[in-house]
>>> print(open('protein.cif').read())   # mmCIF, C-alpha atoms and all ligand atoms
data_coords
loop_
_atom_site.label_atom_id
_atom_site.label_comp_id
_atom_site.auth_asym_id
_atom_site.auth_seq_id
_atom_site.Cartn_x
_atom_site.Cartn_y
_atom_site.Cartn_z
CA MET F 1 -127.05 -103.84 35.49
CA ALA F 2 -125.76 -100.33 35.15
CA ARG F 3 -128.01 -97.47 36.11
CA ILE F 4 -127.95 -94.72 33.50
CA GLY F 5 -128.45 -91.10 34.51
CA GLN F 6 -127.03 -87.63 34.86
CA ASP F 7 -126.26 -87.73 38.56
CA ILE F 8 -122.70 -86.48 39.02
CA GLN F 9 -122.83 -87.19 42.73
CA GLU F 10 -123.81 -90.80 42.19
CA ALA F 11 -120.96 -91.24 39.70
CA ALA F 12 -118.60 -89.63 42.23
CA ARG F 13 -119.77 -91.98 45.00
CA TRP F 14 -118.99 -95.08 42.93
CA LEU F 15 -115.59 -93.67 41.99
CA GLU F 16 -114.76 -92.83 45.61
CA ALA F 17 -115.68 -96.44 46.44
CA GLU F 18 -112.99 -97.53 43.91
CA ASP F 19 -115.52 -98.89 41.43
CA VAL F 20 -115.63 -97.92 37.73
CA VAL F 21 -118.30 -95.95 35.82
CA GLY F 22 -119.03 -94.93 32.24
CA ILE F 23 -118.40 -91.23 31.58
CA PRO F 24 -119.19 -89.00 28.60
CA THR F 25 -116.45 -87.04 26.87
CA GLU F 26 -116.58 -85.01 23.69
CA THR F 27 -114.58 -87.74 21.89
CA VAL F 28 -115.99 -91.11 23.00
CA TYR F 29 -117.34 -92.53 26.27
CA GLY F 30 -114.74 -93.58 28.84
CA LEU F 31 -114.62 -96.33 31.46
CA ALA F 32 -113.38 -94.31 34.42
CA GLY F 33 -111.74 -95.21 37.70
CA ASN F 34 -109.64 -93.50 40.36
CA ALA F 35 -106.22 -93.28 38.70
CA LEU F 36 -104.47 -93.54 42.08
CA SER F 37 -106.32 -96.66 43.23
CA GLU F 38 -104.85 -100.02 42.30
CA LYS F 39 -108.21 -101.67 42.94
CA ALA F 40 -110.03 -99.35 40.53
CA LEU F 41 -107.30 -99.68 37.90
CA LEU F 42 -107.40 -103.48 38.05
CA ARG F 43 -111.17 -103.33 37.65
CA ILE F 44 -110.79 -101.21 34.48
CA PHE F 45 -108.49 -103.82 32.93
CA GLU F 46 -110.80 -106.63 34.03
CA VAL F 47 -114.01 -105.06 32.68
CA LYS F 48 -112.37 -104.10 29.38
CA GLN F 49 -110.39 -107.35 29.10
CA ARG F 50 -107.47 -105.15 28.29
CA PRO F 51 -103.88 -106.41 28.39
CA PHE F 52 -101.70 -104.76 31.03
CA PHE F 53 -99.14 -103.67 28.44
CA ASP F 54 -101.62 -101.08 27.15
CA PRO F 55 -101.38 -97.88 29.24
CA LEU F 56 -104.32 -95.66 30.21
CA ILE F 57 -105.00 -91.95 29.68
CA LEU F 58 -105.14 -89.76 32.79
CA HIS F 59 -108.10 -87.33 32.76
CA VAL F 60 -107.79 -84.11 34.76
CA ALA F 61 -110.10 -81.12 35.23
CA THR F 62 -107.87 -78.28 34.02
CA VAL F 63 -104.69 -77.51 32.10
CA GLU F 64 -103.25 -76.14 35.35
CA ALA F 65 -103.65 -79.55 36.98
CA ILE F 66 -101.36 -81.26 34.45
CA GLY F 67 -98.17 -79.98 36.09
CA GLN F 68 -99.03 -81.95 39.23
CA TRP F 69 -98.58 -85.27 37.44
CA VAL F 70 -95.67 -84.73 35.04
CA SER F 71 -91.97 -84.14 35.69
CA ASP F 72 -91.38 -82.20 32.48
CA PHE F 73 -93.87 -79.99 30.65
CA PRO F 74 -91.98 -78.50 27.66
CA PRO F 75 -93.00 -74.95 26.64
CA GLN F 76 -94.21 -76.14 23.22
CA ALA F 77 -96.50 -78.68 24.92
CA GLN F 78 -97.77 -76.04 27.35
CA HIS F 79 -98.61 -73.79 24.45
CA LEU F 80 -100.63 -76.54 22.74
CA ALA F 81 -102.36 -77.37 26.01
CA ARG F 82 -103.50 -73.76 26.35
CA MET F 83 -104.66 -73.74 22.72
CA PHE F 84 -106.55 -77.04 22.55
CA MET F 85 -107.47 -78.12 26.09
CA PRO F 86 -110.14 -78.84 27.17
CA GLY F 87 -110.57 -80.73 23.93
CA PRO F 88 -109.73 -83.82 21.88
CA LEU F 89 -105.95 -83.73 22.45
CA THR F 90 -103.90 -86.07 24.66
CA LEU F 91 -100.29 -85.22 25.53
CA VAL F 92 -97.71 -87.88 26.39
CA LEU F 93 -95.25 -86.42 28.90
CA ARG F 94 -92.65 -87.68 31.37
CA LYS F 95 -94.52 -88.76 34.47
CA LYS F 96 -94.01 -88.22 38.16
CA ALA F 97 -93.42 -91.33 40.31
CA ILE F 98 -96.81 -90.91 42.00
CA ILE F 99 -98.57 -92.21 38.84
CA PRO F 100 -99.18 -95.95 39.33
CA ASP F 101 -97.43 -98.33 36.94
CA LEU F 102 -100.81 -99.75 35.96
CA VAL F 103 -101.66 -96.38 34.38
CA SER F 104 -98.40 -96.05 32.47
CA ALA F 105 -97.81 -99.76 31.76
CA GLY F 106 -94.48 -99.40 33.54
CA MET F 107 -93.21 -96.73 31.14
CA ASP F 108 -91.77 -93.44 32.36
CA THR F 109 -94.41 -91.41 30.50
CA VAL F 110 -98.08 -90.70 31.07
CA ALA F 111 -100.79 -89.78 28.56
CA ILE F 112 -102.92 -86.95 29.92
CA ARG F 113 -105.94 -85.00 28.73
CA VAL F 114 -108.60 -82.51 29.80
CA PRO F 115 -111.99 -83.63 28.47
CA ARG F 116 -114.43 -80.93 27.36
CA HIS F 117 -117.79 -82.48 28.26
CA PRO F 118 -119.51 -80.37 30.96
CA LEU F 119 -120.76 -83.35 33.01
CA THR F 120 -117.32 -84.91 33.15
CA GLN F 121 -115.70 -81.56 33.84
CA ALA F 122 -118.01 -81.12 36.82
CA LEU F 123 -117.30 -84.69 37.93
CA LEU F 124 -113.52 -84.20 37.75
CA ALA F 125 -113.77 -80.90 39.61
CA SER F 126 -115.65 -82.63 42.43
CA LEU F 127 -113.10 -85.46 42.89
CA PRO F 128 -109.87 -85.34 44.89
CA PHE F 129 -108.14 -87.63 42.35
CA PRO F 130 -107.69 -87.79 38.55
CA LEU F 131 -109.52 -90.42 36.49
CA ALA F 132 -107.93 -93.11 34.36
CA ALA F 133 -110.29 -93.79 31.47
CA PRO F 134 -109.88 -95.94 28.39
CA SER F 135 -112.68 -95.93 25.85
CA ALA F 136 -115.63 -97.85 27.32
CA ASN F 137 -115.57 -100.81 24.94
CA PRO F 138 -114.16 -104.34 25.15
CA PHE F 139 -110.49 -104.29 24.07
CA GLY F 140 -110.08 -104.16 20.30
CA TYR F 141 -113.71 -103.27 19.62
CA ILE F 142 -115.37 -100.07 18.31
CA SER F 143 -115.47 -97.16 20.78
CA PRO F 144 -118.88 -96.08 22.19
CA THR F 145 -120.38 -92.70 21.33
CA THR F 146 -123.61 -92.99 23.35
CA ALA F 147 -124.48 -94.22 26.85
CA ALA F 148 -126.54 -96.99 25.21
CA HIS F 149 -123.42 -98.27 23.41
CA VAL F 150 -121.64 -98.51 26.76
CA ASP F 151 -124.62 -100.20 28.37
CA LYS F 152 -124.90 -102.80 25.63
CA GLN F 153 -121.36 -104.06 26.03
CA LEU F 154 -120.32 -103.28 29.60
CA GLY F 155 -123.61 -102.53 31.37
CA ALA F 156 -123.69 -105.87 33.16
CA LEU F 157 -120.25 -105.24 34.66
CA ILE F 158 -120.46 -101.65 35.92
CA PRO F 159 -122.80 -99.92 38.39
CA TYR F 160 -123.39 -96.58 36.67
CA ILE F 161 -123.16 -94.75 33.34
CA LEU F 162 -123.19 -90.96 33.35
CA ASP F 163 -125.29 -90.08 30.31
CA GLY F 164 -124.04 -86.99 28.50
CA GLY F 165 -125.84 -87.60 25.20
CA PRO F 166 -124.14 -88.46 21.91
CA CYS F 167 -120.45 -87.50 21.68
CA GLN F 168 -119.84 -84.27 19.78
CA VAL F 169 -116.57 -85.33 18.14
CA GLY F 170 -117.05 -89.09 17.84
CA LEU F 171 -113.40 -90.06 17.38
CA GLU F 172 -110.87 -90.67 20.16
CA SER F 173 -108.47 -87.89 21.08
CA THR F 174 -105.39 -87.18 18.99
CA ILE F 175 -102.34 -88.43 20.94
CA LEU F 176 -99.22 -86.27 20.74
CA ASP F 177 -96.02 -87.57 22.33
CA PHE F 178 -93.75 -84.87 23.77
CA SER F 179 -91.45 -87.22 25.67
CA GLY F 180 -88.84 -87.57 22.91
CA GLU F 181 -86.64 -85.36 20.73
CA VAL F 182 -89.46 -84.19 18.46
CA PRO F 183 -93.25 -84.20 18.95
CA VAL F 184 -94.87 -87.29 17.41
CA VAL F 185 -98.55 -87.94 16.68
CA LEU F 186 -99.08 -91.49 17.94
CA ARG F 187 -102.80 -91.62 17.15
CA LYS F 188 -104.75 -89.49 14.72
CA GLY F 189 -108.02 -88.46 16.31
CA GLY F 190 -110.53 -85.74 17.00
CA LEU F 191 -108.07 -82.87 16.64
CA ALA F 192 -106.89 -82.58 13.02
CA VAL F 193 -103.16 -83.16 12.51
CA GLU F 194 -103.07 -80.05 10.31
CA GLN F 195 -103.97 -77.90 13.32
CA LEU F 196 -100.95 -79.26 15.19
CA ALA F 197 -98.65 -79.06 12.17
CA ALA F 198 -99.55 -75.38 11.78
CA LEU F 199 -98.01 -74.73 15.20
CA LEU F 200 -95.16 -77.28 15.25
CA ASP F 201 -92.61 -77.25 12.44
CA ASN F 202 -90.88 -80.40 13.74
CA LEU F 203 -94.01 -82.59 14.02
CA SER F 204 -93.85 -86.20 12.88
CA VAL F 205 -96.75 -88.65 12.49
CA VAL F 206 -96.80 -92.40 13.06
CA GLU F 207 -98.66 -93.95 10.13
CA THR F 208 -101.31 -96.67 10.28
CA SER F 209 -99.01 -99.39 8.99
CA SER F 210 -96.95 -99.28 12.20
CA SER F 211 -96.46 -102.88 13.33
CA ASN F 212 -94.37 -101.98 16.36
CA PRO F 213 -96.81 -99.68 18.07
CA ARG F 214 -95.71 -97.00 20.50
CA ALA F 215 -99.36 -96.54 21.40
CA PRO F 216 -100.94 -99.98 21.53
CA GLY F 217 -104.19 -98.41 20.28
CA MET F 218 -102.18 -98.31 17.08
CA LEU F 219 -102.48 -102.09 16.77
CA GLU F 220 -103.40 -102.77 13.18
CA SER F 221 -106.60 -104.68 13.79
CA HIS F 222 -108.10 -102.36 16.37
CA TYR F 223 -111.69 -101.05 16.10
CA ALA F 224 -112.83 -104.30 14.54
CA PRO F 225 -116.57 -104.75 13.91
CA ALA F 226 -117.94 -108.28 14.25
CA THR F 227 -118.89 -108.42 10.54
CA PRO F 228 -115.86 -108.42 8.20
CA LEU F 229 -115.24 -105.01 6.65
CA THR F 230 -113.45 -104.34 3.39
CA LEU F 231 -112.32 -101.18 1.67
CA ASP F 232 -112.26 -103.08 -1.62
CA GLU F 233 -115.66 -102.60 -3.29
CA ARG F 234 -115.15 -105.61 -5.56
CA LEU F 235 -114.38 -108.11 -2.81
CA PRO F 236 -117.94 -109.27 -1.98
CA ALA F 237 -118.50 -110.11 -5.66
CA LYS F 238 -115.26 -112.11 -5.72
CA LEU F 239 -116.38 -113.96 -2.61
CA HIS F 240 -119.83 -114.50 -4.21
CA ILE F 241 -121.64 -112.53 -1.53
CA ALA F 242 -124.91 -111.13 -2.91
CA PRO F 243 -125.54 -107.36 -2.77
CA GLU F 244 -128.51 -108.01 -0.44
CA LYS F 245 -126.08 -109.56 2.04
CA THR F 246 -123.64 -106.67 1.84
CA GLY F 247 -123.82 -103.53 3.99
CA GLY F 248 -122.35 -100.27 2.73
CA LEU F 249 -120.59 -97.47 4.60
CA CYS F 250 -120.38 -94.55 2.20
CA PHE F 251 -119.29 -90.95 2.62
CA ASP F 252 -121.63 -88.62 0.69
CA HIS F 253 -122.99 -90.76 -2.19
CA TYR F 254 -124.56 -94.21 -2.11
CA PHE F 255 -122.67 -97.11 -3.71
CA GLU F 256 -124.44 -97.89 -6.97
CA HIS F 257 -124.11 -101.67 -6.72
CA LEU F 258 -125.81 -101.96 -3.31
CA PRO F 259 -129.42 -101.34 -2.25
CA GLU F 260 -129.66 -97.92 -0.56
CA SER F 261 -131.48 -99.49 2.38
CA ASN F 262 -128.32 -101.50 3.13
CA GLN F 263 -126.18 -98.39 3.36
CA TYR F 264 -125.20 -95.85 5.96
CA MET F 265 -124.18 -92.47 4.55
CA LEU F 266 -121.76 -90.69 6.87
CA SER F 267 -122.56 -87.17 5.69
CA ALA F 268 -124.86 -86.30 2.79
CA LYS F 269 -123.35 -82.83 2.66
CA GLY F 270 -119.80 -84.16 2.62
CA ASP F 271 -118.91 -82.71 6.02
CA LEU F 272 -115.99 -84.56 7.69
CA GLU F 273 -116.93 -83.46 11.21
CA GLU F 274 -120.41 -84.90 10.73
CA ALA F 275 -118.86 -88.06 9.27
CA ALA F 276 -116.57 -88.40 12.32
CA ARG F 277 -119.55 -88.05 14.66
CA ASN F 278 -121.43 -90.79 12.80
CA LEU F 279 -118.60 -93.26 12.13
CA PHE F 280 -118.74 -95.59 15.15
CA LYS F 281 -122.55 -95.52 15.32
CA ALA F 282 -122.61 -96.44 11.63
CA LEU F 283 -120.24 -99.36 12.12
CA ARG F 284 -122.31 -100.66 15.03
CA GLN F 285 -125.54 -100.36 13.05
CA LEU F 286 -124.11 -102.11 10.00
CA GLU F 287 -122.62 -104.97 11.97
CA THR F 288 -126.01 -105.79 13.49
CA GLY F 289 -127.75 -105.54 10.12
CA GLY F 290 -127.36 -109.26 9.38
CA TYR F 291 -124.88 -108.74 6.53
CA ASP F 292 -122.14 -111.16 5.53
CA MET F 293 -119.78 -108.31 4.77
CA ILE F 294 -119.52 -104.54 5.06
CA VAL F 295 -118.05 -102.49 2.21
CA ALA F 296 -116.64 -99.10 3.14
CA GLU F 297 -114.99 -96.32 1.22
CA LYS F 298 -112.29 -93.94 2.37
CA VAL F 299 -113.28 -90.32 2.92
CA PRO F 300 -111.22 -87.33 1.69
CA ASP F 301 -107.82 -87.66 3.39
CA THR F 302 -107.75 -84.25 5.01
CA GLY F 303 -108.52 -82.90 8.49
CA LEU F 304 -110.62 -85.37 10.51
CA GLY F 305 -110.76 -87.48 7.34
CA LYS F 306 -107.26 -88.73 8.12
CA ALA F 307 -108.43 -90.11 11.47
CA ILE F 308 -111.60 -91.59 9.92
CA ASN F 309 -109.52 -93.36 7.25
CA ASP F 310 -107.12 -94.60 9.93
CA ARG F 311 -110.01 -96.25 11.83
CA LEU F 312 -111.45 -97.71 8.60
CA MET F 313 -108.09 -99.22 7.67
CA ARG F 314 -107.78 -100.80 11.10
CA ALA F 315 -111.34 -102.15 10.93
CA ALA F 316 -110.49 -103.65 7.54
CA LYS F 317 -107.25 -105.21 8.78
CA ALA F 318 -109.26 -107.60 10.90
CA LEU F 319 -110.06 -109.39 7.63
CA ASN F 320 -106.49 -110.62 7.19
O1 LIG E 401 -110.57 -89.75 23.46
C1 LIG E 401 -109.94 -90.51 24.19
O2 LIG E 401 -108.71 -90.46 24.28
C2 LIG E 401 -110.73 -91.55 24.98
C3 LIG E 401 -111.59 -90.83 26.00
C4 LIG E 401 -112.35 -91.80 26.89
O3 LIG E 401 -110.79 -89.97 26.75
N1 LIG E 401 -109.86 -92.48 25.60
C5 LIG E 401 -109.19 -93.45 24.90
O4 LIG E 401 -108.47 -94.32 25.69
O5 LIG E 401 -109.25 -93.54 23.69
P1 LIG E 401 -107.94 -95.73 25.15
O6 LIG E 401 -107.41 -96.40 26.37
O7 LIG E 401 -108.98 -96.45 24.41
O8 LIG E 401 -106.75 -95.33 24.22
C6 LIG E 401 -105.63 -94.74 24.81
C7 LIG E 401 -104.45 -94.91 23.93
C8 LIG E 401 -103.97 -96.33 23.84
O9 LIG E 401 -103.67 -96.63 22.49
C9 LIG E 401 -102.70 -96.32 24.67
O10 LIG E 401 -101.78 -97.23 24.19
C10 LIG E 401 -102.23 -94.90 24.48
O11 LIG E 401 -103.39 -94.15 24.51
N2 LIG E 401 -101.37 -94.47 25.59
C11 LIG E 401 -101.70 -94.33 26.88
N3 LIG E 401 -100.65 -93.96 27.61
C12 LIG E 401 -99.61 -93.85 26.77
C13 LIG E 401 -98.23 -93.50 26.91
N4 LIG E 401 -97.71 -93.21 28.11
N5 LIG E 401 -97.46 -93.49 25.80
C14 LIG E 401 -97.99 -93.79 24.60
N6 LIG E 401 -99.28 -94.14 24.40
C15 LIG E 401 -100.07 -94.17 25.46
MG MG E 402 -109.83 -97.47 22.98
#
>>> encode(input="protein.cif", output="structure tokens", more="lines below")
Ligand code: TXA
Ligand code: MG
Amino acid sequence: MARIGQDIQEAARWLEAEDVVGIPTETVYGLAGNALSEKALLRIFEVKQRPFFDPLILHVATVEAIGQWVSDFPPQAQHLARMFMPGPLTLVLRKKAIIPDLVSAGMDTVAIRVPRHPLTQALLASLPFPLAAPSANPFGYISPTTAAHVDKQLGALIPYILDGGPCQVGLESTILDFSGEVPVVLRKGGLAVEQLAALLDNLSVVETSSSNPRAPGMLESHYAPATPLTLDERLPAKLHIAPEKTGGLCFDHYFEHLPESNQYMLSAKGDLEEAARNLFKALRQLETGGYDMIVAEKVPDTGLGKAINDRLMRAAKALN
């Protein structure tokens, strides 16, 4: 079983021994391993049951360290890195040959980010190698936002979880691809697309319906809870599921047709940042509530709301 604690040196010892550990970031918890060790990388894929075609994000301590791993760092990308890193932004850039193919899934690009959580910053600063870290959940499942979430699903398979408390952002990083002609948002996440669009007049955004994903995290039925989730409030009635057997995920008002005790309200004051922080915890709580179905509603489609709606649509896709 995983030990859970705040011992950076213990986490570092496991990582130096090419094992994998849970680490806190401001977005979601990661399952980290030495990004230059084939043994550690294989263990990440094994623990997560992740297909090898899905590349990993490289985590480094500082913006300055990025140049070491990429062959081209366009000025526009450097500017964004200085603006938003450390923080919930991942850049996809052309990689140097030293990055193992297991990290990049054989592509000539690497996704790279500088996490903002102080424990993980200190951990990265103490290590002589960068960390590869997918979200610390089984492939296709909801990302963890507490150490307990990691422990529940992966605790039996990993030696240590560095406990940094609940994640401040609660959604995975926004992925911005700078390897092509124009910058493209491949995954909406913890940094609002509007903040990028304000600085990039040639920005394009891959929408949720993408069936030929450039970032496999864009697979339609990702983030699936174990209980079916629908964005159609009328569906449980059509399927003859009683209100008592239906869980509700609402934004700032309860659904009238469901008992309030069955519902999780993301933010009573209608705050999208609070809603983002609560989203994955809410989905986990509802799916263990013994319901036959979960009904969710979209939140206002602005700022972090776009990323929340993206995750809800993917969770709902699992129904089909
Ligand atoms: O917030 C986050 O980004 C978290 C924390 C732990 O840092 N990590 C995370 O990793 O969400 P993961 O593995 O669950 O999602 C990474 C996504 C995947 O969809 C993957 O396909 C995409 O990043 N990705 C990685 N490398 C890529 C590349 N070279 N080009 C395009 N997409 C890439
Ligand atoms: Mg993930």
>>> residues_near_ligand(input="protein.cif", ligand="ligand MG 402 (chain E)", cutoff="10 Å", atoms="all atoms listed in the file", output="NGL selection string")
:F and (28-31 or 48 or 50 or 54 or 56-57 or 133-144 or 171-173 or 216-218 or 222-223)
>>> residues_around(input="protein.cif", residues="Arg187 in chain F", least_positions_apart="2", cutoff="7 Å", atoms="only C-alpha atoms", output="mmCIF file with C-alpha atoms, keeping the file's coordinate frame")
data_model
loop_
_atom_site.group_PDB
_atom_site.id
_atom_site.type_symbol
_atom_site.label_atom_id
_atom_site.label_comp_id
_atom_site.auth_asym_id
_atom_site.auth_seq_id
_atom_site.Cartn_x
_atom_site.Cartn_y
_atom_site.Cartn_z
ATOM 1 C CA THR F 174 -105.390 -87.180 18.990
ATOM 2 C CA ILE F 175 -102.340 -88.430 20.940
ATOM 3 C CA VAL F 185 -98.550 -87.940 16.680
ATOM 4 C CA GLY F 189 -108.020 -88.460 16.310
ATOM 5 C CA MET F 218 -102.180 -98.310 17.080
#
>>> atom_distance(input="protein.cif", atom1="CA of Lys238 in chain F", atom2="CA of Ala296 in chain F")
15.8 Å
>>> atom_distance(input="protein.cif", atom1="CA of Val63 in chain F", atom2="atom O7 of ligand LIG 401 (chain E)")
20.9 Å
>>> atom_distance(input="protein.cif", atom1="CA of Ala268 in chain F", atom2="CA of Gly170 in chain F")
17.2 Å
>>> residues_around(input="protein.cif", residues="Val47 in chain F", least_positions_apart="3", cutoff="7 Å", atoms="all atoms listed in the file", output="ChimeraX atom specification")
/F:43-44,157
>>> closest_residue(input="protein.cif", among="F:Arg94, F:Val103, F:Arg113, F:Thr145", to="Gly180 in chain F", atoms="only C-alpha atoms")
F:Arg94
>>> residues_near_point(input="protein.cif", point="(-122.0, -95.5, 38.2)", cutoff="6 Å", atoms="only C-alpha atoms", output="ChimeraX atom specification")
/F:11,14,21,159-161
>>> closest_residue(input="protein.cif", among="F:Cys250, F:Leu258, F:Leu15, F:Ala316", to="Ile158 in chain F", atoms="only C-alpha atoms")
F:Leu15
>>> closest_residue(input="protein.cif", among="F:Ile294, F:Ile98, F:Ala77, F:Cys167", to="ligand LIG 401 (chain E)", atoms="all atoms listed in the file")
F:Cys167
>>> closest_residue(input="protein.cif", among="F:Leu186, F:Leu119, F:Ala81, F:Val20", to="ligand LIG 401 (chain E)", atoms="only C-alpha atoms and all ligand atoms")
F:Leu186
>>> closest_residue(input="protein.cif", among="F:Pro74, F:Gly289, F:Pro166, F:Gly190", to="ligand LIG 401 (chain E)", atoms="all atoms listed in the file")
F:Gly190
>>> closest_residue(input="protein.cif", among="F:Ser104, F:Thr230, F:Ser37, F:Thr246", to="Ser261 in chain F", atoms="all atoms listed in the file")
F:Thr246
>>> residues_around(input="protein.cif", residues="Gly270 in chain F", least_positions_apart="4", cutoff="9 Å", atoms="only C-alpha atoms", output="ChimeraX atom specification")
/F:251-253,266,274-275,299
>>> axis_aligned_box(input="protein.cif", around="ligand LIG 401 (chain E)", padding_each_side="5 Å", output="AutoDock Vina command-line options")
--center_x -104.9 --center_y -93.5 --center_z 25.3 --size_x 24.9 --size_y 17.5 --size_z 15.6
>>> residues_around(input="protein.cif", residues="Leu58 in chain F", least_positions_apart="2", cutoff="6 Å", atoms="all atoms listed in the file", output="list in words")
Ile112, Leu131 and Ala132 of chain F
>>> residues_around(input="protein.cif", residues="range 120-130 of chain F", least_positions_apart="5", cutoff="6 Å", atoms="only C-alpha atoms", output="PyMOL selection string")
chain F and resi 8+35+59-61
>>> residues_near_point(input="protein.cif", point="(-97.6, -82.1, 38.7)", cutoff="12 Å", atoms="all atoms listed in the file", output="list of chain:residue names")
F:Val60, F:Thr62, F:Val63, F:Glu64, F:Ala65, F:Ile66, F:Gly67, F:Gln68, F:Trp69, F:Val70, F:Ser71, F:Asp72, F:Phe73, F:Leu93, F:Arg94, F:Lys95, F:Lys96, F:Ala97, F:Ile98, F:Ile99, F:Val110, F:Ile112, F:Pro130
